[in-house]
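S.K.: Sharing structure13.txt (compact mmCIF, C-alpha atoms) below.
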```
# COMPACT_ATOMS: atom_id res chain seq x y z
CA MET A 1 27.19 3.53 18.59
CA VAL A 2 25.24 1.77 21.35
CA ALA A 3 21.75 0.44 20.61
CA SER A 4 19.89 2.98 22.76
CA GLU A 5 21.74 5.87 21.14
CA ALA A 6 21.07 4.51 17.65
CA SER A 7 17.39 4.07 18.51
CA SER A 8 17.22 7.67 19.76
CA ILE A 9 18.78 9.01 16.55
CA GLU A 10 16.40 6.91 14.46
CA ARG A 11 13.35 8.23 16.30
CA SER A 12 14.43 11.85 16.04
CA THR A 13 15.35 11.51 12.36
CA ILE A 14 12.06 9.92 11.32
CA LYS A 15 10.08 12.48 13.31
CA LYS A 16 11.92 15.35 11.62
CA VAL A 17 11.46 13.88 8.16
CA SER A 18 7.77 13.32 8.90
CA ALA A 19 7.29 16.87 10.16
CA ARG A 20 9.40 18.63 7.52
CA LEU A 21 8.70 16.81 4.25
CA VAL A 22 5.38 14.97 4.55
CA PRO A 23 3.10 18.00 5.17
CA PHE A 24 4.60 19.95 2.28
CA VAL A 25 4.50 17.05 -0.22
CA ALA A 26 0.98 16.26 1.03
CA LEU A 27 0.02 19.89 0.32
CA MET A 28 1.35 19.45 -3.23
CA PHE A 29 -0.72 16.27 -3.54
CA PHE A 30 -3.77 18.07 -2.09
CA ILE A 31 -3.58 20.72 -4.82
CA ASN A 32 -2.80 18.07 -7.45
CA TYR A 33 -5.84 15.96 -6.65
CA LEU A 34 -8.12 19.00 -6.32
CA ASP A 35 -7.07 20.30 -9.73
CA ARG A 36 -7.67 16.98 -11.50
CA THR A 37 -11.06 16.37 -9.80
CA ALA A 38 -12.33 19.97 -9.92
CA ILE A 39 -14.28 19.03 -13.03
CA GLY A 40 -16.43 16.78 -10.80
CA PHE A 41 -17.58 19.87 -8.86
CA ALA A 42 -17.94 22.07 -11.94
CA GLY A 43 -20.03 19.57 -13.93
CA PRO A 44 -23.27 19.59 -11.94
CA ASN A 45 -22.93 23.27 -11.05
CA GLY A 46 -23.29 24.89 -14.45
CA MET A 47 -20.42 23.65 -16.60
CA THR A 48 -22.23 20.80 -18.39
CA GLN A 49 -25.20 23.08 -19.02
CA ASP A 50 -23.11 26.02 -20.25
CA LEU A 51 -21.05 23.79 -22.55
CA ALA A 52 -24.10 21.68 -23.61
CA MET A 53 -22.52 18.36 -22.59
CA THR A 54 -24.11 14.91 -22.22
CA ALA A 55 -23.16 12.50 -19.40
CA ALA A 56 -20.93 10.58 -21.82
CA GLN A 57 -19.17 13.80 -22.91
CA PHE A 58 -18.67 14.77 -19.29
CA GLY A 59 -17.28 11.30 -18.58
CA PHE A 60 -14.93 11.57 -21.57
CA ALA A 61 -13.74 15.01 -20.44
CA SER A 62 -13.13 13.57 -16.97
CA GLY A 63 -11.19 10.63 -18.34
CA VAL A 64 -9.23 12.13 -21.26
CA PHE A 65 -6.90 13.65 -18.67
CA PHE A 66 -5.43 10.19 -18.19
CA ILE A 67 -4.46 9.71 -21.84
CA GLY A 68 -1.88 12.49 -21.67
CA TYR A 69 -0.91 11.40 -18.18
CA ILE A 70 -0.33 7.80 -19.24
CA ILE A 71 1.75 8.66 -22.31
CA LEU A 72 4.38 10.57 -20.31
CA GLU A 73 4.12 8.85 -16.92
CA ILE A 74 7.10 6.49 -17.17
CA PRO A 75 9.42 8.90 -19.05
CA SER A 76 8.66 11.59 -16.48
CA ASN A 77 9.45 9.35 -13.54
CA LEU A 78 12.71 8.18 -15.13
CA ALA A 79 13.62 11.85 -15.66
CA LEU A 80 12.92 12.48 -11.98
CA HIS A 81 15.29 9.64 -11.06
CA LYS A 82 18.00 10.90 -13.44
CA PHE A 83 17.78 14.57 -12.54
CA SER A 84 16.69 16.29 -9.33
CA ALA A 85 13.45 15.10 -7.72
CA ARG A 86 13.06 18.56 -6.17
CA ILE A 87 13.37 20.41 -9.49
CA TRP A 88 11.28 17.89 -11.42
CA LEU A 89 8.36 17.85 -8.96
CA ALA A 90 8.38 21.66 -8.88
CA ARG A 91 8.45 21.81 -12.69
CA ILE A 92 5.49 19.46 -12.91
CA MET A 93 3.50 21.53 -10.43
CA ILE A 94 4.14 24.88 -12.11
CA SER A 95 3.24 23.38 -15.51
CA TRP A 96 -0.07 21.95 -14.39
CA GLY A 97 -0.90 25.16 -12.49
CA ILE A 98 -0.61 27.16 -15.70
CA VAL A 99 -2.85 24.71 -17.60
CA ALA A 100 -5.36 24.52 -14.72
CA THR A 101 -5.93 28.29 -14.75
CA LEU A 102 -6.79 28.16 -18.47
CA PHE A 103 -9.97 26.19 -17.62
CA THR A 104 -11.38 29.52 -16.46
CA TRP A 105 -11.91 30.58 -20.08
CA VAL A 106 -12.93 27.29 -21.76
CA SER A 107 -15.83 27.87 -24.18
CA SER A 108 -16.73 24.47 -25.65
CA ALA A 109 -16.71 20.74 -24.94
CA THR A 110 -13.89 20.32 -27.46
CA GLY A 111 -11.82 22.98 -25.71
CA LEU A 112 -12.48 21.22 -22.41
CA TYR A 113 -11.24 17.93 -23.87
CA TRP A 114 -7.97 19.53 -25.00
CA LEU A 115 -7.35 21.26 -21.69
CA ARG A 116 -8.00 18.06 -19.76
CA PHE A 117 -5.57 16.23 -22.05
CA LEU A 118 -2.91 18.93 -21.55
CA LEU A 119 -3.49 18.86 -17.79
CA GLY A 120 -2.67 15.15 -17.85
CA VAL A 121 0.50 15.82 -19.86
CA ALA A 122 1.55 18.50 -17.37
CA GLU A 123 0.84 16.34 -14.30
CA ALA A 124 2.49 13.17 -15.65
CA GLY A 125 4.87 11.66 -13.14
CA PHE A 126 3.82 13.72 -10.11
CA PHE A 127 2.16 11.05 -7.98
CA PRO A 128 4.69 8.22 -8.52
CA GLY A 129 7.43 10.84 -8.26
CA ALA A 130 6.11 11.96 -4.88
CA ILE A 131 5.91 8.34 -3.70
CA LEU A 132 9.46 7.72 -4.90
CA PHE A 133 10.73 10.96 -3.36
CA LEU A 134 9.37 10.10 0.09
CA SER A 135 10.63 6.51 -0.21
CA MET A 136 14.13 7.91 -0.81
CA TRP A 137 13.97 9.64 2.58
CA VAL A 138 12.80 6.82 4.88
CA PRO A 139 13.82 3.17 5.42
CA ALA A 140 11.32 0.51 4.35
CA ARG A 141 10.09 -0.26 7.87
CA HIS A 142 8.80 3.33 8.22
CA ARG A 143 7.28 3.74 4.77
CA ALA A 144 3.76 2.57 5.61
CA LYS A 145 3.55 5.25 8.28
CA ILE A 146 5.06 7.98 6.11
CA LEU A 147 2.94 7.13 3.06
CA SER A 148 -0.23 6.97 5.16
CA LEU A 149 0.44 10.50 6.43
CA PHE A 150 1.08 11.61 2.85
CA TYR A 151 -2.02 9.85 1.55
CA LEU A 152 -4.23 11.64 4.08
CA ALA A 153 -4.11 14.53 1.62
CA GLN A 154 -6.30 12.64 -0.85
CA PRO A 155 -9.48 12.19 1.23
CA LEU A 156 -8.85 15.58 2.86
CA THR A 157 -8.75 17.14 -0.60
CA THR A 158 -12.42 16.37 -0.98
CA ALA A 159 -13.27 16.82 2.70
CA ILE A 160 -11.79 20.33 2.69
CA GLY A 161 -11.79 21.03 -1.02
CA ALA A 162 -15.46 20.24 -1.67
CA PRO A 163 -16.78 23.01 0.62
CA ILE A 164 -14.11 25.39 -0.74
CA ALA A 165 -15.11 24.52 -4.31
CA GLY A 166 -18.74 25.03 -3.34
CA ALA A 167 -17.97 28.47 -1.89
CA LEU A 168 -16.05 29.48 -5.03
CA ILE A 169 -18.89 28.25 -7.25
CA GLN A 170 -21.41 30.15 -5.15
CA ALA A 171 -19.45 33.37 -5.80
CA HIS A 172 -21.17 33.47 -9.19
CA GLY A 173 -20.49 36.75 -11.00
CA VAL A 174 -18.83 38.33 -7.96
CA PHE A 175 -15.27 38.30 -9.33
CA PHE A 176 -14.61 39.59 -12.85
CA GLY A 177 -18.18 38.63 -13.78
CA LEU A 178 -17.14 34.97 -14.02
CA GLU A 179 -19.63 32.13 -13.68
CA GLY A 180 -19.12 30.31 -10.39
CA TRP A 181 -17.62 27.18 -11.90
CA ARG A 182 -15.12 29.25 -13.90
CA PHE A 183 -14.04 31.18 -10.82
CA MET A 184 -13.57 27.85 -9.03
CA PHE A 185 -11.10 26.69 -11.69
CA LEU A 186 -9.14 29.93 -11.29
CA GLY A 187 -9.16 29.55 -7.50
CA VAL A 188 -7.74 26.03 -7.53
CA GLY A 189 -5.25 26.60 -10.38
CA LEU A 190 -3.22 29.57 -9.12
CA PRO A 191 -2.06 27.90 -5.85
CA ALA A 192 -0.33 25.16 -7.87
CA ILE A 193 1.96 27.73 -9.50
CA LEU A 194 2.80 29.39 -6.17
CA ILE A 195 3.50 26.14 -4.28
CA GLY A 196 5.52 24.81 -7.23
CA ILE A 197 7.83 27.83 -7.02
CA ALA A 198 8.10 27.39 -3.24
CA ALA A 199 9.05 23.71 -3.69
CA LEU A 200 12.24 24.72 -5.50
CA PHE A 201 13.52 26.30 -2.30
CA TYR A 202 11.84 24.17 0.39
CA LEU A 203 12.52 20.58 -0.73
CA LYS A 204 15.98 18.99 -0.61
CA ASP A 205 17.47 16.33 -2.84
CA LYS A 206 19.20 14.17 -0.21
CA PRO A 207 19.73 13.91 3.57
CA THR A 208 23.14 15.59 3.48
CA ASP A 209 21.44 18.71 2.05
CA ALA A 210 18.96 18.85 4.93
CA THR A 211 20.28 21.48 7.36
CA TRP A 212 17.34 20.68 9.64
CA LEU A 213 18.95 17.29 10.44
CA THR A 214 21.95 17.06 12.76
CA THR A 215 25.19 15.60 11.45
CA GLU A 216 24.49 12.35 13.32
CA GLU A 217 21.00 12.14 11.87
CA GLN A 218 22.28 12.79 8.34
CA GLU A 219 24.91 10.08 8.72
CA TRP A 220 22.46 7.55 10.18
CA LEU A 221 19.82 8.13 7.48
CA THR A 222 22.34 8.08 4.61
CA ALA A 223 23.94 4.88 5.89
CA GLU A 224 20.60 3.17 6.56
CA LEU A 225 19.22 3.96 3.11
CA ALA A 226 22.48 2.83 1.44
CA ARG A 227 22.53 -0.41 3.44
CA GLU A 228 18.92 -1.15 2.56
CA ALA A 229 19.43 -0.40 -1.15
CA THR A 230 22.48 -2.68 -1.22
CA ALA A 231 20.62 -5.51 0.52
CA THR A 232 17.60 -5.22 -1.78
CA GLY A 233 19.78 -5.02 -4.88
CA ALA A 234 21.73 -8.11 -3.82
CA ARG A 235 18.54 -10.03 -3.14
CA GLU A 236 16.73 -9.16 -6.35
CA LYS A 237 18.39 -7.45 -9.31
CA HIS A 238 16.07 -5.64 -11.70
CA SER A 239 16.89 -3.45 -14.67
CA VAL A 240 14.43 -0.94 -16.07
CA ARG A 241 13.76 -3.28 -19.00
CA SER A 242 13.16 -6.30 -16.78
CA VAL A 243 10.42 -4.46 -14.89
CA PHE A 244 8.17 -4.70 -17.96
CA ASN A 245 8.48 -8.51 -17.90
CA ASN A 246 7.98 -8.85 -14.16
CA GLY A 247 4.80 -10.73 -13.23
CA ARG A 248 4.61 -9.21 -9.76
CA VAL A 249 4.73 -5.70 -11.16
CA TRP A 250 1.89 -6.40 -13.60
CA THR A 251 -0.21 -8.12 -10.92
CA LEU A 252 0.26 -5.13 -8.61
CA ALA A 253 -0.70 -2.89 -11.52
CA LEU A 254 -3.98 -4.75 -11.99
CA ILE A 255 -4.70 -4.64 -8.25
CA TYR A 256 -4.14 -0.90 -8.33
CA PHE A 257 -6.37 -0.66 -11.43
CA GLY A 258 -9.33 -1.98 -9.44
CA PHE A 259 -8.84 0.46 -6.57
CA VAL A 260 -8.35 3.45 -8.87
CA TYR A 261 -11.44 2.51 -10.88
CA GLY A 262 -13.45 2.73 -7.67
CA LEU A 263 -11.68 5.89 -6.51
CA TYR A 264 -12.35 7.93 -9.64
CA ALA A 265 -15.87 6.65 -10.24
CA LEU A 266 -16.53 7.87 -6.70
CA GLY A 267 -14.62 11.13 -7.15
CA PHE A 268 -16.12 12.20 -10.48
CA PHE A 269 -19.72 11.15 -9.95
CA LEU A 270 -20.37 11.48 -6.19
CA PRO A 271 -20.90 15.27 -6.53
CA THR A 272 -23.42 14.56 -9.31
CA ILE A 273 -25.21 11.96 -7.18
CA VAL A 274 -25.25 14.31 -4.19
CA SER A 275 -26.64 17.15 -6.33
CA GLY A 276 -29.52 14.78 -7.11
CA PHE A 277 -30.53 14.97 -3.44
CA LYS A 278 -31.87 18.45 -4.23
CA ALA A 279 -35.10 16.85 -5.46
CA THR A 280 -35.57 15.50 -1.93
CA LEU A 281 -34.17 18.36 0.11
CA GLY A 282 -35.42 21.30 -1.95
CA GLU A 283 -33.99 24.67 -2.98
CA SER A 284 -32.14 25.09 0.33
CA PHE A 285 -29.59 22.55 -0.93
CA THR A 286 -26.96 25.12 -1.99
CA PRO A 287 -23.58 24.39 -3.67
CA VAL A 288 -21.82 24.91 -0.31
CA LEU A 289 -24.17 22.43 1.38
CA GLN A 290 -23.60 20.00 -1.50
CA GLY A 291 -19.87 20.34 -0.87
CA LEU A 292 -20.29 19.65 2.84
CA VAL A 293 -22.38 16.53 2.17
CA THR A 294 -19.85 15.32 -0.42
CA ALA A 295 -17.10 15.81 2.17
CA ILE A 296 -18.65 13.50 4.79
CA PRO A 297 -17.36 10.16 3.39
CA TYR A 298 -13.85 11.59 2.96
CA VAL A 299 -13.56 13.01 6.48
CA ILE A 300 -14.37 9.61 7.95
CA ALA A 301 -12.14 7.89 5.38
CA ALA A 302 -9.19 10.04 6.49
CA VAL A 303 -9.61 8.80 10.07
CA VAL A 304 -9.94 5.16 8.98
CA LEU A 305 -6.89 5.53 6.70
CA TYR A 306 -4.76 6.66 9.63
CA LEU A 307 -6.00 3.97 12.02
CA TRP A 308 -5.67 1.19 9.45
CA SER A 309 -2.13 2.26 8.56
CA ALA A 310 -1.24 2.49 12.26
CA ASP A 311 -2.25 -1.17 12.55
CA VAL A 312 0.01 -1.96 9.57
CA HIS A 313 2.84 -0.14 11.33
CA ARG A 314 2.33 -2.26 14.47
CA ARG A 315 1.83 -5.69 12.84
CA GLY A 316 3.66 -5.31 9.57
CA LEU A 317 1.80 -5.37 6.26
CA LYS A 318 -0.36 -8.47 5.83
CA PRO A 319 -2.26 -9.38 2.65
CA TRP A 320 -5.57 -8.97 4.48
CA HIS A 321 -4.76 -5.30 5.04
CA ILE A 322 -5.46 -4.88 1.32
CA VAL A 323 -7.89 -7.77 0.66
CA ILE A 324 -10.49 -6.78 3.28
CA PRO A 325 -10.84 -3.17 2.01
CA ALA A 326 -11.10 -4.41 -1.59
CA ILE A 327 -13.96 -6.78 -0.68
CA ALA A 328 -15.70 -4.06 1.36
CA GLY A 329 -15.52 -1.67 -1.59
CA ALA A 330 -16.71 -4.30 -4.05
CA VAL A 331 -19.83 -4.97 -1.98
CA THR A 332 -20.79 -1.45 -0.93
CA VAL A 333 -20.49 0.29 -4.32
CA PRO A 334 -23.52 -1.48 -5.90
CA VAL A 335 -25.39 -1.73 -2.56
CA ALA A 336 -25.44 2.09 -2.33
CA LEU A 337 -27.74 2.12 -5.37
CA PHE A 338 -30.54 0.52 -3.38
CA ALA A 339 -30.43 2.85 -0.39
CA GLY A 340 -33.80 4.43 0.23
CA SER A 341 -32.67 7.83 1.46
CA PRO A 342 -29.85 10.36 1.09
CA VAL A 343 -28.63 9.59 4.62
CA LEU A 344 -28.35 5.85 3.96
CA THR A 345 -26.71 6.46 0.59
CA ILE A 346 -24.02 8.64 2.15
CA ALA A 347 -23.51 6.08 4.95
CA ILE A 348 -22.87 3.26 2.46
CA VAL A 349 -20.68 5.44 0.22
CA THR A 350 -18.67 6.31 3.33
CA VAL A 351 -17.81 2.64 3.79
CA THR A 352 -16.67 2.53 0.17
CA ALA A 353 -14.43 5.57 0.62
CA CYS A 354 -12.99 4.12 3.84
CA ALA A 355 -12.20 0.85 2.07
CA ILE A 356 -10.38 2.51 -0.84
CA PHE A 357 -8.32 4.89 1.27
CA ALA A 358 -7.44 2.27 3.89
CA ALA A 359 -5.79 0.11 1.23
CA LEU A 360 -3.98 2.57 -1.04
CA PRO A 361 -1.11 3.93 1.10
CA ASN A 362 -0.25 0.44 2.31
CA PHE A 363 -0.42 -0.92 -1.23
CA TRP A 364 2.36 1.49 -2.23
CA THR A 365 4.82 -0.12 0.18
CA LEU A 366 4.75 -3.31 -1.94
CA PRO A 367 6.75 -2.29 -5.06
CA THR A 368 9.75 -1.10 -3.06
CA GLN A 369 9.94 -4.48 -1.32
CA PHE A 370 11.71 -5.81 -4.41
CA LEU A 371 12.59 -2.82 -6.63
CA THR A 372 15.34 -0.21 -6.18
CA GLY A 373 16.90 2.66 -8.11
CA ALA A 374 15.81 3.21 -11.72
CA ALA A 375 13.87 -0.08 -11.63
CA ALA A 376 11.82 1.26 -8.72
CA ALA A 377 11.15 4.48 -10.64
CA ALA A 378 10.01 2.49 -13.69
CA GLY A 379 8.01 -0.04 -11.66
CA VAL A 380 6.15 2.55 -9.58
CA ALA A 381 5.42 4.56 -12.74
CA LEU A 382 4.19 1.48 -14.64
CA ILE A 383 1.85 0.48 -11.81
CA ASN A 384 0.52 4.03 -11.58
CA THR A 385 0.14 4.18 -15.37
CA ILE A 386 -2.06 1.07 -15.44
CA GLY A 387 -4.03 2.49 -12.53
CA ASN A 388 -4.61 5.69 -14.41
CA ILE A 389 -6.02 3.76 -17.35
CA ALA A 390 -8.74 2.99 -14.81
CA GLY A 391 -8.98 6.72 -14.16
CA PHE A 392 -9.87 7.25 -17.82
CA SER A 393 -12.17 4.25 -18.17
CA ALA A 394 -13.99 4.88 -14.88
CA GLY A 395 -15.12 8.33 -15.96
CA TYR A 396 -15.97 7.50 -19.54
CA VAL A 397 -17.49 4.02 -19.04
CA THR A 398 -19.60 5.21 -16.10
CA GLY A 399 -21.02 8.10 -18.11
CA TRP A 400 -21.47 5.98 -21.25
CA LEU A 401 -23.29 3.20 -19.41
CA HIS A 402 -25.47 5.78 -17.68
CA ASP A 403 -26.49 7.27 -21.04
CA ILE A 404 -27.31 3.80 -22.43
CA THR A 405 -29.23 2.48 -19.42
CA GLY A 406 -30.59 5.73 -18.01
CA ALA A 407 -29.33 4.87 -14.52
CA TYR A 408 -26.16 4.29 -12.50
CA THR A 409 -27.03 0.66 -11.67
CA VAL A 410 -24.94 -1.11 -14.34
CA PRO A 411 -21.90 1.23 -14.09
CA MET A 412 -21.73 0.86 -10.30
CA PHE A 413 -21.83 -2.94 -10.57
CA VAL A 414 -18.88 -2.63 -12.96
CA VAL A 415 -17.05 -0.59 -10.31
CA GLY A 416 -17.76 -3.27 -7.71
CA GLY A 417 -16.45 -5.93 -10.07
CA ALA A 418 -13.20 -4.02 -10.59
CA MET A 419 -12.59 -3.86 -6.85
CA ALA A 420 -13.46 -7.55 -6.46
CA LEU A 421 -10.73 -8.26 -9.03
CA SER A 422 -8.24 -6.43 -6.80
CA ALA A 423 -9.15 -8.66 -3.86
CA ILE A 424 -8.80 -11.86 -5.90
CA LEU A 425 -5.42 -10.90 -7.36
CA MET A 426 -4.06 -9.88 -3.96
CA ILE A 427 -5.05 -13.27 -2.53
CA LEU A 428 -3.35 -15.06 -5.42
CA LEU A 429 -0.21 -12.95 -5.04
CA ALA A 430 -0.03 -13.73 -1.32
CA ARG A 431 -0.56 -17.48 -1.85
CA ARG A 432 2.36 -17.57 -4.27
CA GLY A 433 4.57 -16.02 -1.61
CA ALA A 434 5.21 -12.94 -3.74
CA VAL A 435 4.33 -10.49 -0.95
CA ALA A 436 6.61 -10.23 2.06
CA GLU A 437 5.04 -9.85 5.48
CA ALA A 438 7.26 -7.42 7.33
CA ASP A 439 8.58 -8.51 10.71
CA ARG A 440 8.05 -5.78 13.30
CA SER A 441 9.75 -7.59 16.17
CA VAL A 442 13.13 -5.99 15.44
CA GLU A 443 11.86 -2.50 14.77
CA PRO A 444 12.56 0.18 17.38
CA ALA A 445 9.50 1.81 18.84
CA VAL A 446 8.78 5.04 17.02
CA GLY A 447 5.93 7.18 18.27
CA HIS A 448 3.08 8.08 15.96
```
Using structure tokens, write down the structure from this file.
M.R.:
Amino acid sequence: MVASEASSIERSTIKKVSARLVPFVALMFFINYLDRTAIGFAGPNGMTQDLAMTAAQFGFASGVFFIGYIILEIPSNLALHKFSARIWLARIMISWGIVATLFTWVSSATGLYWLRFLLGVAEAGFFPGAILFLSMWVPARHRAKILSLFYLAQPLTTAIGAPIAGALIQAHGVFFGLEGWRFMFLGVGLPAILIGIAALFYLKDKPTDATWLTTEEQEWLTAELAREATATGAREKHSVRSVFNNGRVWTLALIYFGFVYGLYALGFFLPTIVSGFKATLGESFTPVLQGLVTAIPYVIAAVVLYLWSADVHRRGLKPWHIVIPAIAGAVTVPVALFAGSPVLTIAIVTVTACAIFAALPNFWTLPTQFLTGAAAAAGVALINTIGNIAGFSAGYVTGWLHDITGAYTVPMFVVGGAMALSAILMILLARRGAVAEADRSVEPAVGH
């Protein structure tokens, strides 16, 4: 096959994979993230009052999700590698959809704790499984682009989901006499079941099953992925057990911890902070308007995520692609506390959101630089597990420190410190030569 013909097949294959798989898996991620963060919208809109919860209890309910998630994260991802990724991802989605709808009828803080725990159990393995699934469909040189398109679902979840959640909450008593926050849980839970069922038929397990690829495209993609796996395996051999003793894996896990700490502190408590603007803006500040204001940082973050990842695609991943966002987040999180107006607060928080989302999709290209097969499944799951410990601690510690101090000053400085740790560890990892800087000079031009 001549070079021009090979380049043409590569371009068409990657475009088809991007168009066929990424939007659907991103939709799954959209629903996933909305379901796990819906509590952040429900809290300040009647739930904490109806269930008589303190800020610390709300923070614990937000974070207890991650206990169940963490316990089953690695086993779930290994099961996905052993069995069918298509069936396993669909099973996860249907399971969490069933649990998510049960929030509609929760009647106490204790009941909320148990449902959040069970939601974590049901969702365990979804995110690393989705990352692994997409990585199994594209060669390494295209993963930053593919994962950035996939990761757009996360900021868009809040950008689109916050106004939707606000509209559902505002429909107080309209449907079945349910309080608005209860109806919101029902509205975001049912789609997970429906999309999970659809995933069984829409997703495919391997390129040779994809009838939407030509025979030449199937052969090229299968051969390219096999060649890459062989080369990586020959360069660095890792068993599942060895992953747990791998310093790079643990360092990446701690870097991810810092970013996730910032992400969930922002996700769980930004709606509460925004609802506090009502004292300034008056009774006209409705739940829908709160949702629209909450969405502003995430809309801009989605644009920055795409542009930042496009730069990674052109230059190849450099350590500063992750270090600069980490430093920006570390500085802006505490600075937002001293803003003198709602407009300035949202502007500073927007920089924080942009920093977090610019780094995350590019961060996820790092583990597969040196892990393949079952080791990759275990490594990605371990990194995500440590990150989700931050998901628990961010919610609980932020609420606990707020109850002790009466303000968000101390907890937000803790968030900034966690993100500063990510920057420091990434610099150290790069100086030790443990992060490869991809060479783009040999990559065929593939249009965005």
S.K.: Between A:Arg86, A:Lys204, A:Lys145, A:His321, which one has atoms that come closest to Ile14 in chain A, using only C-alpha atoms?
M.R.: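 Smallest separation from Ile14 in chain A among the options: A:Lys145.
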S.K.: Tell me, as an MDAnalysis selection string, which residues lie within 8 Å of range 355-361 of chain A, counting only C-alpha atoms; anything in the same chain fewer than 3 positions away does not count.
M.R.: chainID A and resid 144 147:148 151 155 259 262:263 301:302 304:306 308:309 321:322 324:326 328:329 351:352 364:365
S.K.: Would you put the residues from that selection into a file with C-alpha atoms, as an mmCIF file, in the coordinates of the input?
M.R.:
```cif
data_model
loop_
_atom_site.group_PDB
_atom_site.id
_atom_site.type_symbol
_atom_site.label_atom_id
_atom_site.label_comp_id
_atom_site.auth_asym_id
_atom_site.auth_seq_id
_atom_site.Cartn_x
_atom_site.Cartn_y
_atom_site.Cartn_z
ATOM 1 C CA ALA A 144 3.760 2.570 5.610
ATOM 2 C CA LEU A 147 2.940 7.130 3.060
ATOM 3 C CA SER A 148 -0.230 6.970 5.160
ATOM 4 C CA TYR A 151 -2.020 9.850 1.550
ATOM 5 C CA PRO A 155 -9.480 12.190 1.230
ATOM 6 C CA PHE A 259 -8.840 0.460 -6.570
ATOM 7 C CA GLY A 262 -13.450 2.730 -7.670
ATOM 8 C CA LEU A 263 -11.680 5.890 -6.510
ATOM 9 C CA ALA A 301 -12.140 7.890 5.380
ATOM 10 C CA ALA A 302 -9.190 10.040 6.490
ATOM 11 C CA VAL A 304 -9.940 5.160 8.980
ATOM 12 C CA LEU A 305 -6.890 5.530 6.700
ATOM 13 C CA TYR A 306 -4.760 6.660 9.630
ATOM 14 C CA TRP A 308 -5.670 1.190 9.450
ATOM 15 C CA SER A 309 -2.130 2.260 8.560
ATOM 16 C CA HIS A 321 -4.760 -5.300 5.040
ATOM 17 C CA ILE A 322 -5.460 -4.880 1.320
ATOM 18 C CA ILE A 324 -10.490 -6.780 3.280
ATOM 19 C CA PRO A 325 -10.840 -3.170 2.010
ATOM 20 C CA ALA A 326 -11.100 -4.410 -1.590
ATOM 21 C CA ALA A 328 -15.700 -4.060 1.360
ATOM 22 C CA GLY A 329 -15.520 -1.670 -1.590
ATOM 23 C CA VAL A 351 -17.810 2.640 3.790
ATOM 24 C CA THR A 352 -16.670 2.530 0.170
ATOM 25 C CA TRP A 364 2.360 1.490 -2.230
ATOM 26 C CA THR A 365 4.820 -0.120 0.180
#
```
S.K.: Would you mind telling me which residue in A:Ser62, A:Thr48, A:Thr110, A:Asn384 lies nearest to Arg36 in chain A when using all atoms listed in the file?
M.R.: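 Of A:Ser62, A:Thr48, A:Thr110, A:Asn384, the one nearest Arg36 in chain A, counting all atoms listed in the file, is A:Ser62.
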S.K.: Have a look at CA of Pro191 in chain A and CA of Ser95 in chain A and let me know their distance in Å, one decimal.
M.R.: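 Here the two named atoms are 11.9 Å from each other.
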S.K.: Using all atoms listed in the file, which residue out of A:Ile386, A:Leu344, A:Leu252, A:Ile131 lies closest to Ala423 in chain A?
M.R.: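 Using all atoms listed in the file, the shortest distance to Ala423 in chain A belongs to A:Leu252.
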S.K.: What does the distance between CA of Asn77 in chain A and CA of Ile383 in chain A come to in Å, to one decimal place?
M.R.: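 So the two atoms, CA of Asn77 in chain A and CA of Ile383 in chain A, lie 11.8 Å apart.
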S.K.: Using only C-alpha atoms, can you tell me which of A:Ile164, A:Leu254, A:Met93, A:Leu178 comes closest to Ile193 in chain A?
M.R.: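 Counting only C-alpha atoms, the residue closest to Ile193 in chain A is A:Met93.
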S.K.: Between CA of Tyr408 in chain A and CA of Gly43 in chain A, what is the distance, to one decimal in Å?
M.R.: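 Going from CA of Tyr408 in chain A over to CA of Gly43 in chain A, I get 16.5 Å.
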S.K.: Taking into account all atoms listed in the file, which residue in the set A:Ala390, A:Leu78, A:Phe133, A:Gln218 is nearest to Ala253 in chain A?
M.R.: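 The answer is A:Ala390, which sits nearest to Ala253 in chain A.
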S.K.: In terms of the shortest atom-to-atom distance over all atoms listed in the file, which of A:Ala377, A:Ala407, A:Leu89, A:Ile31 is closest to Pro75 in chain A?
M.R.: A:Ala377
S.K.: When you look at Val138 in chain A with a cut-off of 9 Å (counting all atoms listed in the file), what residues show up, excluding the ones that are within fewer than 3 positions of it in the same chain? I need them as a PyMOL selection string.
M.R.: chain A and resi 14+17+134-135+141-143+146+221+224-225
S.K.: If you count all atoms listed in the file, which residues fall within 12 Å of Ala52 in chain A, apart from same-chain ones fewer than 2 positions away, as a PDB file with C-alpha atoms, in the frame of the given file?
M.R.:
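Contents of selection-v6.pdb, as written:
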```
ATOM      1  CA  GLY A  43     -20.030  19.570 -13.930  1.00  0.00           C
ATOM      2  CA  PRO A  44     -23.270  19.590 -11.940  1.00  0.00           C
ATOM      3  CA  GLY A  46     -23.290  24.890 -14.450  1.00  0.00           C
ATOM      4  CA  MET A  47     -20.420  23.650 -16.600  1.00  0.00           C
ATOM      5  CA  THR A  48     -22.230  20.800 -18.390  1.00  0.00           C
ATOM      6  CA  GLN A  49     -25.200  23.080 -19.020  1.00  0.00           C
ATOM      7  CA  ASP A  50     -23.110  26.020 -20.250  1.00  0.00           C
ATOM      8  CA  THR A  54     -24.110  14.910 -22.220  1.00  0.00           C
ATOM      9  CA  ALA A  55     -23.160  12.500 -19.400  1.00  0.00           C
ATOM     10  CA  ALA A  56     -20.930  10.580 -21.820  1.00  0.00           C
ATOM     11  CA  GLN A  57     -19.170  13.800 -22.910  1.00  0.00           C
ATOM     12  CA  PHE A  58     -18.670  14.770 -19.290  1.00  0.00           C
ATOM     13  CA  SER A 107     -15.830  27.870 -24.180  1.00  0.00           C
ATOM     14  CA  SER A 108     -16.730  24.470 -25.650  1.00  0.00           C
ATOM     15  CA  ALA A 109     -16.710  20.740 -24.940  1.00  0.00           C
ATOM     16  CA  THR A 110     -13.890  20.320 -27.460  1.00  0.00           C
ATOM     17  CA  LEU A 112     -12.480  21.220 -22.410  1.00  0.00           C
TER      18      LEU A 112
END
```
